[in-house]
Amino acid sequence: LGFSTGLRLTYIGMNTTNLVWAPDDNQSLPSTIPYSEQPLSSRPYPNWGVVNSRSNGATASNNQAQAEVTHRVGAGLTLDSTYTWSRNLADNQGAGNAGSLCGETACNRSEDYYDRRMEKGNTYAPYTHNWVSTVVYQLPIGTGKRFANTDNKILNGVIGDWQSNNVLTIHSGPFLTPYFTSGDPSGTGSGIIGRAQRPDRIGNFIPSQRYAGEWIDGSGFACPGGSCSIGEGGSTPPPIGRFGTSGEGIVNGPGTIDWDAGISKSFNLTERAKLRFEFSFVNVLNHLNLGNPNLNITNVNNPSTGLCGFGCISTAQGLFSFAGSRQGQAAARIDL
């Protein structure tokens with residue numbers, strides 16, 4: 001662009017097929033009859049029970065738009081700033097994927113063997129918005145520099161040639177999925193055998209004022225059929241023959257603001273060996289980055305009485321993205 005400034009615009013698109021997902025190959029079809037009361041013929045393989053498998057066939061797509069600006073302000077000062085917008089969808093997340101990336105054996109167990117598309121939605125990460133800026137600055141101190149210009153080699157060895165490195169990261173939160181672990185609203189046995197179920201979405205779930213005690217408004221979700229024990233048999237209401245209507249990855253967790261900084265200097269020991277001193281800090285501002293909220297809708301949340309349940313955040317972010325509490329270290333090493 002001129003003026004010692006460069007601009008890069010990038011689009012990245014990726015589509016992946018035959019990923020692993022985790023169904024019950026012997027799942028019955030949706031029914032209003034409790035699973036325990038259905039005849040064995042309702043299953044594809046009547047002589048078998050639950051057949052938990054790892055199957056191929058899941059898909060994922062990722063689209064990213066990036067803009068990067070690099071600017072050299074002057075001697076020893078370089079700025080680089082990159083913004084990325086991402087959209088990542090997959091259909092192997094599972095209803096109970098409450099806060100982690102999927103592994104090589106998929107995420108959580110799938111609700112419905114017959115309709116994997118029902119579980120297609122936003123993955124835990126990457127985040128929709130991600131802005132990373134770096135600043136590298138050769139401090140103007142010492143021999144030939146603007147400040148403390150000296151011919152004293154000993155003094156210059158102490159105060160000269162220090163380099164400051166800074167990284168500022170700001171990104172939106174991960175995508176999360178509310179769930180409950182009781183009941184079998186579909187009558188397929190999916191809930192009976194311990195697979196997490198998605199609730200119904202019945203209204204707005206974003207509070208007017210988000211804070212740690214209420215990141216999600218619990219009134220926006222409900223157990224299908226009005227009971228979280230529906231379809232379990234006995235005296236509980238019978239199943240309603242369908243799964244919950246809430247989508248995958250519809251809740252955004254808290255974002256992250258993190259400024260990491262360091263200062264370093266190298267001394268020549270020999271023609272090939274250098275002694276490098278470093279002082280570095282993670283989360284210099286000690287900014288509180290909230291962790292993920294409780295996502296089980298059956299956990300009662302009432303901040304006024306001290307109950308931290310569904311939608312409440314009880315932890316801060318940790319080492320992930322270096323977004324925990326402020327930490328510092330001093331280090332020395334020899335580079336050959």
# chains A, B, ... in the order shown; residues from 1 in each chain; ligands from 1

call {"tool": "closest_atom_pairs", "arguments": {"of": "region 135-161 of chain A", "to": "region 63-75 of chain A", "cutoff": "12 Å", "atoms": "only C-alpha atoms", "output": "JSON lines"}}
result
{"residue": "A:Val135", "atom": "CA", "partner": "A:His71", "partner_atom": "CA", "distance": 9.8}
{"residue": "A:Val136", "atom": "CA", "partner": "A:Arg72", "partner_atom": "CA", "distance": 9.8}
{"residue": "A:Tyr137", "atom": "CA", "partner": "A:Ala75", "partner_atom": "CA", "distance": 8.6}
{"residue": "A:Gln138", "atom": "CA", "partner": "A:Ala75", "partner_atom": "CA", "distance": 7.8}
{"residue": "A:Leu139", "atom": "CA", "partner": "A:Ala75", "partner_atom": "CA", "distance": 9.7}
{"residue": "A:Pro140", "atom": "CA", "partner": "A:Ala75", "partner_atom": "CA", "distance": 8.9}
{"residue": "A:Gly144", "atom": "CA", "partner": "A:Ala75", "partner_atom": "CA", "distance": 11.9}
{"residue": "A:Lys145", "atom": "CA", "partner": "A:Ala75", "partner_atom": "CA", "distance": 10.1}
{"residue": "A:Arg146", "atom": "CA", "partner": "A:Ala75", "partner_atom": "CA", "distance": 10.9}

call {"tool": "write_last_selection", "arguments": {"atoms": "all heavy atoms", "output": "PDB file, in the first residue's frame"}}
result
ATOM      1  N   VAL A 135       3.288  -6.300  18.338  1.00  0.00           N
ATOM      2  CA  VAL A 135       4.148  -5.124  18.250  1.00  0.00           C
ATOM      3  C   VAL A 135       5.544  -5.544  18.687  1.00  0.00           C
ATOM      4  O   VAL A 135       5.725  -6.053  19.799  1.00  0.00           O
ATOM      5  CB  VAL A 135       3.651  -3.975  19.155  1.00  0.00           C
ATOM      6  CG1 VAL A 135       4.601  -2.786  19.055  1.00  0.00           C
ATOM      7  CG2 VAL A 135       2.235  -3.567  18.775  1.00  0.00           C
ATOM      8  N   VAL A 136       6.522  -5.364  17.819  1.00  0.00           N
ATOM      9  CA  VAL A 136       7.927  -5.632  18.133  1.00  0.00           C
ATOM     10  C   VAL A 136       8.663  -4.297  18.088  1.00  0.00           C
ATOM     11  O   VAL A 136       8.610  -3.585  17.079  1.00  0.00           O
ATOM     12  CB  VAL A 136       8.551  -6.624  17.134  1.00  0.00           C
ATOM     13  CG1 VAL A 136      10.024  -6.848  17.459  1.00  0.00           C
ATOM     14  CG2 VAL A 136       7.793  -7.941  17.140  1.00  0.00           C
ATOM     15  N   TYR A 137       9.355  -3.979  19.179  1.00  0.00           N
ATOM     16  CA  TYR A 137       9.971  -2.655  19.287  1.00  0.00           C
ATOM     17  C   TYR A 137      11.376  -2.777  19.856  1.00  0.00           C
ATOM     18  O   TYR A 137      11.572  -3.298  20.953  1.00  0.00           O
ATOM     19  CB  TYR A 137       9.108  -1.777  20.195  1.00  0.00           C
ATOM     20  CG  TYR A 137       9.563  -0.337  20.296  1.00  0.00           C
ATOM     21  CD1 TYR A 137      10.103   0.343  19.196  1.00  0.00           C
ATOM     22  CD2 TYR A 137       9.439   0.362  21.493  1.00  0.00           C
ATOM     23  CE1 TYR A 137      10.506   1.664  19.294  1.00  0.00           C
ATOM     24  CE2 TYR A 137       9.834   1.692  21.600  1.00  0.00           C
ATOM     25  CZ  TYR A 137      10.367   2.333  20.497  1.00  0.00           C
ATOM     26  OH  TYR A 137      10.769   3.645  20.590  1.00  0.00           O
ATOM     27  N   GLN A 138      12.344  -2.300  19.080  1.00  0.00           N
ATOM     28  CA  GLN A 138      13.723  -2.197  19.556  1.00  0.00           C
ATOM     29  C   GLN A 138      13.823  -0.909  20.376  1.00  0.00           C
ATOM     30  O   GLN A 138      13.734   0.192  19.821  1.00  0.00           O
ATOM     31  CB  GLN A 138      14.698  -2.166  18.381  1.00  0.00           C
ATOM     32  CG  GLN A 138      14.682  -3.400  17.502  1.00  0.00           C
ATOM     33  CD  GLN A 138      15.384  -4.574  18.158  1.00  0.00           C
ATOM     34  OE1 GLN A 138      16.100  -4.392  19.142  1.00  0.00           O
ATOM     35  NE2 GLN A 138      15.161  -5.765  17.631  1.00  0.00           N
ATOM     36  N   LEU A 139      13.991  -1.025  21.681  1.00  0.00           N
ATOM     37  CA  LEU A 139      13.979   0.161  22.533  1.00  0.00           C
ATOM     38  C   LEU A 139      15.112   1.119  22.136  1.00  0.00           C
ATOM     39  O   LEU A 139      16.268   0.696  21.969  1.00  0.00           O
ATOM     40  CB  LEU A 139      14.124  -0.241  23.999  1.00  0.00           C
ATOM     41  CG  LEU A 139      13.032  -1.173  24.546  1.00  0.00           C
ATOM     42  CD1 LEU A 139      13.255  -1.423  26.038  1.00  0.00           C
ATOM     43  CD2 LEU A 139      11.655  -0.584  24.314  1.00  0.00           C
ATOM     44  N   PRO A 140      14.793   2.419  21.984  1.00  0.00           N
ATOM     45  CA  PRO A 140      15.790   3.405  21.524  1.00  0.00           C
ATOM     46  C   PRO A 140      16.703   3.872  22.654  1.00  0.00           C
ATOM     47  O   PRO A 140      16.774   5.061  22.965  1.00  0.00           O
ATOM     48  CB  PRO A 140      14.910   4.538  21.005  1.00  0.00           C
ATOM     49  CG  PRO A 140      13.689   4.485  21.874  1.00  0.00           C
ATOM     50  CD  PRO A 140      13.452   3.015  22.152  1.00  0.00           C
ATOM     51  N   GLY A 144      24.241   4.910  19.947  1.00  0.00           N
ATOM     52  CA  GLY A 144      23.645   5.237  18.667  1.00  0.00           C
ATOM     53  C   GLY A 144      22.145   5.406  18.694  1.00  0.00           C
ATOM     54  O   GLY A 144      21.523   5.613  17.642  1.00  0.00           O
ATOM     55  N   LYS A 145      21.535   5.329  19.890  1.00  0.00           N
ATOM     56  CA  LYS A 145      20.084   5.437  19.998  1.00  0.00           C
ATOM     57  C   LYS A 145      19.688   6.814  20.502  1.00  0.00           C
ATOM     58  O   LYS A 145      20.518   7.650  20.880  1.00  0.00           O
ATOM     59  CB  LYS A 145      19.549   4.353  20.948  1.00  0.00           C
ATOM     60  CG  LYS A 145      19.941   2.938  20.553  1.00  0.00           C
ATOM     61  CD  LYS A 145      19.333   2.555  19.221  1.00  0.00           C
ATOM     62  CE  LYS A 145      19.787   1.175  18.761  1.00  0.00           C
ATOM     63  NZ  LYS A 145      19.426   0.117  19.709  1.00  0.00           N
ATOM     64  N   ARG A 146      18.389   7.056  20.507  1.00  0.00           N
ATOM     65  CA  ARG A 146      17.861   8.371  20.869  1.00  0.00           C
ATOM     66  C   ARG A 146      18.105   8.717  22.335  1.00  0.00           C
ATOM     67  O   ARG A 146      18.386   9.865  22.663  1.00  0.00           O
ATOM     68  CB  ARG A 146      16.366   8.419  20.562  1.00  0.00           C
ATOM     69  CG  ARG A 146      15.707   9.763  20.872  1.00  0.00           C
ATOM     70  CD  ARG A 146      14.252   9.743  20.470  1.00  0.00           C
ATOM     71  NE  ARG A 146      13.612  11.023  20.760  1.00  0.00           N
ATOM     72  CZ  ARG A 146      12.316  11.284  20.545  1.00  0.00           C
ATOM     73  NH1 ARG A 146      11.543  10.324  20.014  1.00  0.00           N
ATOM     74  NH2 ARG A 146      11.809  12.465  20.846  1.00  0.00           N
TER      75      ARG A 146
END

call {"tool": "closest_residue", "arguments": {"among": "A:Tyr124, A:Asn302, A:Thr5, A:Arg195", "to": "Ser182 (chain A)", "atoms": "only C-alpha atoms"}}
result
A:Arg195

call {"tool": "closest_residue", "arguments": {"among": "A:Leu269, A:Ile216, A:Ile159, A:Ile154", "to": "Gly203 (chain A)", "atoms": "only C-alpha atoms"}}
result
A:Ile216

call {"tool": "residues_around", "arguments": {"residues": "Asn292 (chain A)", "least_positions_apart": "2", "cutoff": "7 Å", "atoms": "only C-alpha atoms", "output": "number ranges by chain"}}
result
A: 253-254, 290, 294, 313

call {"tool": "atom_distance", "arguments": {"atom1": "CA of Arg276 (chain A)", "atom2": "CA of Thr82 (chain A)"}}
result
28.7 Å

call {"tool": "closest_residue", "arguments": {"among": "A:Gly231, A:Leu1, A:Asp335, A:Gly191", "to": "Glu271 (chain A)", "atoms": "only C-alpha atoms"}}
result
A:Asp335

call {"tool": "closest_residue", "arguments": {"among": "A:Gly226, A:Gly6, A:Gly328, A:Gly218", "to": "Pro185 (chain A)", "atoms": "only C-alpha atoms"}}
result
A:Gly226

call {"tool": "residues_around", "arguments": {"residues": "Trp85 (chain A)", "least_positions_apart": "2", "cutoff": "12 Å", "atoms": "only C-alpha atoms", "output": "short mmCIF file (atom, residue, chain, number, x, y, z; two decimals) with all heavy atoms, in the first residue's frame"}}
result
data_model
loop_
_atom_site.label_atom_id
_atom_site.label_comp_id
_atom_site.auth_asym_id
_atom_site.auth_seq_id
_atom_site.Cartn_x
_atom_site.Cartn_y
_atom_site.Cartn_z
N LEU A 9 -5.33 -9.88 2.05
CA LEU A 9 -6.70 -10.37 2.19
C LEU A 9 -6.74 -11.83 1.75
O LEU A 9 -6.25 -12.16 0.66
CB LEU A 9 -7.66 -9.53 1.33
CG LEU A 9 -7.73 -8.04 1.65
CD1 LEU A 9 -8.65 -7.32 0.66
CD2 LEU A 9 -8.21 -7.81 3.08
N THR A 10 -7.32 -12.69 2.58
CA THR A 10 -7.27 -14.13 2.32
C THR A 10 -8.63 -14.76 2.58
O THR A 10 -9.30 -14.43 3.56
CB THR A 10 -6.23 -14.81 3.23
OG1 THR A 10 -4.97 -14.17 3.07
CG2 THR A 10 -6.09 -16.28 2.89
N TYR A 11 -9.01 -15.67 1.70
CA TYR A 11 -10.18 -16.53 1.95
C TYR A 11 -9.69 -17.97 2.04
O TYR A 11 -8.91 -18.42 1.20
CB TYR A 11 -11.23 -16.42 0.85
CG TYR A 11 -12.24 -17.55 0.91
CD1 TYR A 11 -13.23 -17.57 1.89
CD2 TYR A 11 -12.16 -18.62 0.02
CE1 TYR A 11 -14.13 -18.61 1.97
CE2 TYR A 11 -13.06 -19.67 0.09
CZ TYR A 11 -14.04 -19.67 1.06
OH TYR A 11 -14.92 -20.71 1.14
N ILE A 12 -10.14 -18.68 3.07
CA ILE A 12 -9.79 -20.08 3.24
C ILE A 12 -11.08 -20.88 3.32
O ILE A 12 -11.96 -20.59 4.15
CB ILE A 12 -8.96 -20.29 4.52
CG1 ILE A 12 -7.64 -19.52 4.44
CG2 ILE A 12 -8.68 -21.78 4.75
CD1 ILE A 12 -6.83 -19.57 5.72
N GLY A 13 -11.22 -21.88 2.49
CA GLY A 13 -12.39 -22.75 2.50
C GLY A 13 -11.96 -24.20 2.58
O GLY A 13 -11.01 -24.61 1.92
N ASN A 62 -15.54 -25.46 6.74
CA ASN A 62 -14.93 -24.31 7.38
C ASN A 62 -14.70 -23.21 6.36
O ASN A 62 -14.17 -23.46 5.27
CB ASN A 62 -13.60 -24.69 8.05
CG ASN A 62 -12.90 -23.50 8.67
OD1 ASN A 62 -11.99 -22.92 8.09
ND2 ASN A 62 -13.32 -23.13 9.86
N ASN A 63 -15.14 -22.01 6.70
CA ASN A 63 -14.91 -20.85 5.85
C ASN A 63 -14.30 -19.74 6.70
O ASN A 63 -14.80 -19.45 7.80
CB ASN A 63 -16.21 -20.36 5.22
CG ASN A 63 -16.75 -21.33 4.19
OD1 ASN A 63 -16.35 -21.31 3.03
ND2 ASN A 63 -17.67 -22.20 4.61
N GLN A 64 -13.24 -19.13 6.18
CA GLN A 64 -12.57 -18.06 6.90
C GLN A 64 -12.24 -16.92 5.96
O GLN A 64 -11.86 -17.13 4.80
CB GLN A 64 -11.26 -18.55 7.54
CG GLN A 64 -11.44 -19.57 8.65
CD GLN A 64 -10.11 -19.90 9.31
OE1 GLN A 64 -9.11 -19.19 9.15
NE2 GLN A 64 -10.09 -20.98 10.07
N ALA A 65 -12.42 -15.71 6.47
CA ALA A 65 -11.98 -14.50 5.77
C ALA A 65 -10.99 -13.79 6.67
O ALA A 65 -11.28 -13.55 7.85
CB ALA A 65 -13.15 -13.60 5.44
N GLN A 66 -9.82 -13.47 6.13
CA GLN A 66 -8.75 -12.86 6.93
C GLN A 66 -8.30 -11.55 6.30
O GLN A 66 -8.26 -11.41 5.07
CB GLN A 66 -7.55 -13.80 7.04
CG GLN A 66 -7.82 -15.11 7.75
CD GLN A 66 -6.59 -15.99 7.81
OE1 GLN A 66 -5.56 -15.68 7.21
NE2 GLN A 66 -6.68 -17.09 8.54
N ALA A 67 -7.96 -10.63 7.18
CA ALA A 67 -7.36 -9.37 6.73
C ALA A 67 -6.17 -9.08 7.64
O ALA A 67 -6.31 -9.06 8.86
CB ALA A 67 -8.37 -8.23 6.80
N GLU A 68 -5.01 -8.88 7.03
CA GLU A 68 -3.79 -8.62 7.80
C GLU A 68 -3.14 -7.32 7.33
O GLU A 68 -2.98 -7.11 6.12
CB GLU A 68 -2.79 -9.76 7.66
CG GLU A 68 -1.49 -9.52 8.44
CD GLU A 68 -0.46 -10.61 8.23
OE1 GLU A 68 -0.63 -11.40 7.28
OE2 GLU A 68 0.53 -10.66 8.99
N THR A 82 -4.01 -8.86 12.58
CA THR A 82 -4.77 -9.79 11.74
C THR A 82 -6.15 -10.03 12.35
O THR A 82 -6.28 -10.35 13.54
CB THR A 82 -4.05 -11.14 11.62
OG1 THR A 82 -2.75 -10.94 11.08
CG2 THR A 82 -4.83 -12.08 10.70
N TYR A 83 -7.17 -9.86 11.52
CA TYR A 83 -8.55 -10.16 11.93
C TYR A 83 -9.04 -11.34 11.11
O TYR A 83 -8.86 -11.38 9.88
CB TYR A 83 -9.47 -8.97 11.72
CG TYR A 83 -10.93 -9.33 11.85
CD1 TYR A 83 -11.52 -9.55 13.10
CD2 TYR A 83 -11.72 -9.51 10.71
CE1 TYR A 83 -12.85 -9.90 13.21
CE2 TYR A 83 -13.06 -9.86 10.82
CZ TYR A 83 -13.62 -10.06 12.06
OH TYR A 83 -14.94 -10.44 12.17
N ARG A 87 -16.38 -19.48 10.18
CA ARG A 87 -17.65 -20.20 10.27
C ARG A 87 -17.33 -21.67 10.09
O ARG A 87 -16.90 -22.11 9.02
CB ARG A 87 -18.60 -19.72 9.17
CG ARG A 87 -19.89 -20.50 9.06
CD ARG A 87 -20.90 -20.11 10.13
NE ARG A 87 -22.23 -20.55 9.79
CZ ARG A 87 -23.27 -20.53 10.62
NH1 ARG A 87 -23.09 -20.06 11.85
NH2 ARG A 87 -24.46 -20.95 10.25
N ASN A 88 -17.52 -22.45 11.16
CA ASN A 88 -17.16 -23.87 11.13
C ASN A 88 -18.37 -24.70 11.55
O ASN A 88 -18.88 -24.54 12.66
CB ASN A 88 -15.99 -24.14 12.07
CG ASN A 88 -15.28 -25.44 11.73
OD1 ASN A 88 -14.77 -25.59 10.62
ND2 ASN A 88 -15.26 -26.38 12.65
N ALA A 125 -15.05 -24.50 18.39
CA ALA A 125 -14.10 -23.51 17.86
C ALA A 125 -13.80 -23.90 16.42
O ALA A 125 -14.10 -25.03 16.01
CB ALA A 125 -12.82 -23.48 18.70
N PRO A 126 -13.27 -23.03 15.57
CA PRO A 126 -12.73 -21.70 15.87
C PRO A 126 -13.81 -20.68 16.16
O PRO A 126 -14.99 -20.90 15.87
CB PRO A 126 -11.95 -21.35 14.60
CG PRO A 126 -12.65 -22.09 13.52
CD PRO A 126 -13.10 -23.38 14.15
N TYR A 127 -13.39 -19.55 16.72
CA TYR A 127 -14.31 -18.51 17.10
C TYR A 127 -14.72 -17.68 15.89
O TYR A 127 -13.97 -17.56 14.92
CB TYR A 127 -13.66 -17.61 18.15
CG TYR A 127 -12.94 -18.40 19.22
CD1 TYR A 127 -11.55 -18.45 19.26
CD2 TYR A 127 -13.66 -19.12 20.17
CE1 TYR A 127 -10.89 -19.18 20.23
CE2 TYR A 127 -13.01 -19.85 21.14
CZ TYR A 127 -11.62 -19.89 21.16
OH TYR A 127 -10.98 -20.63 22.11
N THR A 128 -15.89 -17.09 15.96
CA THR A 128 -16.36 -16.28 14.84
C THR A 128 -15.43 -15.10 14.59
O THR A 128 -15.06 -14.81 13.45
CB THR A 128 -17.78 -15.76 15.11
OG1 THR A 128 -18.65 -16.88 15.31
CG2 THR A 128 -18.29 -14.94 13.93
N HIS A 129 -15.07 -14.39 15.64
CA HIS A 129 -14.20 -13.22 15.51
C HIS A 129 -12.90 -13.45 16.28
O HIS A 129 -12.92 -13.83 17.45
CB HIS A 129 -14.91 -11.97 16.06
CG HIS A 129 -16.26 -11.74 15.47
ND1 HIS A 129 -16.45 -11.25 14.19
CD2 HIS A 129 -17.52 -11.95 15.98
CE1 HIS A 129 -17.74 -11.16 13.93
NE2 HIS A 129 -18.41 -11.57 15.01
N ASN A 130 -11.78 -13.20 15.62
CA ASN A 130 -10.48 -13.39 16.26
C ASN A 130 -9.53 -12.31 15.75
O ASN A 130 -9.24 -12.22 14.55
CB ASN A 130 -9.92 -14.78 15.94
CG ASN A 130 -8.68 -15.09 16.75
OD1 ASN A 130 -8.49 -14.53 17.82
ND2 ASN A 130 -7.85 -15.99 16.26
N TRP A 131 -9.07 -11.48 16.68
CA TRP A 131 -8.17 -10.37 16.31
C TRP A 131 -6.88 -10.53 17.10
O TRP A 131 -6.88 -10.59 18.32
CB TRP A 131 -8.84 -9.03 16.63
CG TRP A 131 -7.98 -7.84 16.32
CD1 TRP A 131 -7.16 -7.66 15.25
CD2 TRP A 131 -7.87 -6.64 17.10
NE1 TRP A 131 -6.53 -6.44 15.30
CE2 TRP A 131 -6.95 -5.79 16.43
CE3 TRP A 131 -8.45 -6.21 18.28
CZ2 TRP A 131 -6.61 -4.54 16.92
CZ3 TRP A 131 -8.11 -4.96 18.77
CH2 TRP A 131 -7.21 -4.13 18.10
N VAL A 132 -5.76 -10.62 16.37
CA VAL A 132 -4.45 -10.78 16.98
C VAL A 132 -3.52 -9.69 16.45
O VAL A 132 -3.35 -9.56 15.23
CB VAL A 132 -3.84 -12.17 16.70
CG1 VAL A 132 -2.47 -12.29 17.34
CG2 VAL A 132 -4.76 -13.28 17.21
N HIS A 171 -10.84 -12.30 21.12
CA HIS A 171 -11.72 -13.14 20.30
C HIS A 171 -13.04 -13.40 21.00
O HIS A 171 -13.15 -13.32 22.22
CB HIS A 171 -11.04 -14.45 19.89
CG HIS A 171 -10.66 -15.36 21.01
ND1 HIS A 171 -11.60 -16.04 21.77
CD2 HIS A 171 -9.44 -15.74 21.50
CE1 HIS A 171 -10.97 -16.78 22.67
NE2 HIS A 171 -9.67 -16.60 22.53
N SER A 172 -14.05 -13.69 20.20
CA SER A 172 -15.36 -14.01 20.73
C SER A 172 -15.33 -15.39 21.37
O SER A 172 -14.35 -16.12 21.26
CB SER A 172 -16.41 -13.94 19.61
OG SER A 172 -16.05 -14.78 18.52
#

call {"tool": "closest_atom_pairs", "arguments": {"of": "region 214-260 of chain A", "to": "region 17-41 of chain A", "cutoff": "7 Å", "atoms": "only C-alpha atoms", "output": "Markdown table"}}
result
| residue | atom | partner | partner_atom | distance |
| --- | --- | --- | --- | --- |
| A:Gly231 | CA | A:Pro34 | CA | 5.3 |
| A:Glu232 | CA | A:Pro34 | CA | 6.5 |
| A:Gly233 | CA | A:Pro34 | CA | 5.5 |
| A:Pro238 | CA | A:Pro34 | CA | 6.0 |
| A:Pro239 | CA | A:Thr32 | CA | 4.8 |
| A:Ile240 | CA | A:Thr32 | CA | 5.2 |
| A:Gly241 | CA | A:Ser31 | CA | 4.4 |
| A:Arg242 | CA | A:Pro30 | CA | 6.1 |

call {"tool": "write_last_selection", "arguments": {"atoms": "N, CA and C atoms", "output": "PDB file, in the first residue's frame"}}
result
ATOM      1  N   GLY A 231     -40.679 -40.133  29.205  1.00  0.00           N
ATOM      2  CA  GLY A 231     -40.307 -41.308  28.437  1.00  0.00           C
ATOM      3  C   GLY A 231     -39.510 -42.353  29.182  1.00  0.00           C
ATOM      4  N   GLU A 232     -39.296 -42.156  30.492  1.00  0.00           N
ATOM      5  CA  GLU A 232     -38.501 -43.119  31.243  1.00  0.00           C
ATOM      6  C   GLU A 232     -39.310 -44.353  31.638  1.00  0.00           C
ATOM      7  N   GLY A 233     -40.626 -44.286  31.456  1.00  0.00           N
ATOM      8  CA  GLY A 233     -41.469 -45.420  31.810  1.00  0.00           C
ATOM      9  C   GLY A 233     -42.032 -45.275  33.214  1.00  0.00           C
ATOM     10  N   PRO A 238     -45.393 -40.412  29.053  1.00  0.00           N
ATOM     11  CA  PRO A 238     -44.848 -41.186  27.926  1.00  0.00           C
ATOM     12  C   PRO A 238     -44.077 -40.282  26.990  1.00  0.00           C
ATOM     13  N   PRO A 239     -43.211 -40.839  26.153  1.00  0.00           N
ATOM     14  CA  PRO A 239     -42.441 -40.016  25.209  1.00  0.00           C
ATOM     15  C   PRO A 239     -43.351 -39.322  24.204  1.00  0.00           C
ATOM     16  N   ILE A 240     -42.880 -38.249  23.637  1.00  0.00           N
ATOM     17  CA  ILE A 240     -43.661 -37.493  22.656  1.00  0.00           C
ATOM     18  C   ILE A 240     -43.253 -37.823  21.228  1.00  0.00           C
ATOM     19  N   GLY A 241     -42.308 -38.731  21.072  1.00  0.00           N
ATOM     20  CA  GLY A 241     -41.956 -39.203  19.739  1.00  0.00           C
ATOM     21  C   GLY A 241     -41.061 -38.273  18.938  1.00  0.00           C
ATOM     22  N   ARG A 242     -40.351 -37.397  19.600  1.00  0.00           N
ATOM     23  CA  ARG A 242     -39.416 -36.512  18.895  1.00  0.00           C
ATOM     24  C   ARG A 242     -38.304 -36.082  19.831  1.00  0.00           C
TER      25      ARG A 242
END

call {"tool": "residues_around", "arguments": {"residues": "Phe221 (chain A)", "least_positions_apart": "5", "cutoff": "8 Å", "atoms": "only C-alpha atoms", "output": "ChimeraX atom specification"}}
result
/A:199-203,205,246,297

call {"tool": "residues_around", "arguments": {"residues": "Phe277 (chain A)", "least_positions_apart": "3", "cutoff": "8 Å", "atoms": "only C-alpha atoms", "output": "list in words"}}
result
Ser264, Lys265, Ser266, Ala330, Ala331, Ala332 and Arg333 of chain A

call {"tool": "select_by_dssp", "arguments": {"residues": "region 60-298 of chain A", "states": "alpha helix (DSSP H)", "output": "list in words"}}
result
Lys153, Ile154, Leu155, Asn156, Gly157, Val158 and Ile159 of chain A

call {"tool": "write_last_selection", "arguments": {"atoms": "C-alpha atoms", "output": "compact mmCIF listing (two decimals), in the first residue's frame"}}
result
# COMPACT_ATOMS: atom_id res chain seq x y z
CA LYS A 153 30.55 -0.55 26.37
CA ILE A 154 29.76 -1.80 29.86
CA LEU A 155 26.87 0.62 30.34
CA ASN A 156 25.56 -0.07 26.85
CA GLY A 157 25.78 -3.79 27.56
CA VAL A 158 23.34 -3.27 30.41
CA ILE A 159 20.88 -0.75 28.99

call {"tool": "atom_distance", "arguments": {"atom1": "CA of Arg109 (chain A)", "atom2": "CA of Ala222 (chain A)"}}
result
21.2 Å

call {"tool": "select_by_dssp", "arguments": {"residues": "region 19-224 of chain A", "states": "strand (DSSP E or B)", "output": "PyMOL selection string"}}
result
chain A and resi 19-21+24+52+55-74+77-90+103+106+121-122+129-138+141+147+163-171+175-176+179-180+197+200-201+211+214+221-222

call {"tool": "closest_residue", "arguments": {"among": "A:Ala323, A:Leu307, A:Leu89, A:Val167", "to": "Gly121 (chain A)", "atoms": "only C-alpha atoms"}}
result
A:Leu89

call {"tool": "closest_residue", "arguments": {"among": "A:Asn47, A:Gln209, A:Ser4, A:Ser186", "to": "Gly244 (chain A)", "atoms": "only C-alpha atoms"}}
result
A:Ser186

call {"tool": "residues_around", "arguments": {"residues": "Arg272 (chain A)", "least_positions_apart": "3", "cutoff": "12 Å", "atoms": "only C-alpha atoms", "output": "PyMOL selection string"}}
result
chain A and resi 267-269+275+334-336

call {"tool": "write_last_selection", "arguments": {"atoms": "N, CA, C and O atoms", "output": "compact mmCIF listing (two decimals), in the first residue's frame"}}
result
# COMPACT_ATOMS: atom_id res chain seq x y z
N PHE A 267 23.43 -11.18 24.54
CA PHE A 267 24.84 -10.80 24.70
C PHE A 267 25.68 -11.78 23.90
O PHE A 267 25.44 -13.00 23.92
N ASN A 268 26.68 -11.27 23.20
CA ASN A 268 27.61 -12.13 22.47
C ASN A 268 28.64 -12.70 23.44
O ASN A 268 29.39 -11.96 24.08
N LEU A 269 28.66 -14.03 23.55
CA LEU A 269 29.67 -14.69 24.37
C LEU A 269 30.89 -15.04 23.54
O LEU A 269 32.03 -14.81 23.95
N LEU A 275 24.15 -15.24 24.77
CA LEU A 275 23.40 -15.41 26.01
C LEU A 275 22.19 -14.50 25.93
O LEU A 275 22.30 -13.30 25.74
N ILE A 334 21.30 -20.02 26.38
CA ILE A 334 22.44 -19.84 25.47
C ILE A 334 22.04 -20.34 24.10
O ILE A 334 21.61 -21.50 23.94
N ASP A 335 22.15 -19.49 23.09
CA ASP A 335 21.87 -19.85 21.71
C ASP A 335 23.18 -20.06 20.97
O ASP A 335 24.08 -19.20 21.02
N LEU A 336 23.28 -21.19 20.29
CA LEU A 336 24.50 -21.50 19.54
C LEU A 336 24.22 -21.38 18.05
O LEU A 336 23.17 -21.75 17.57
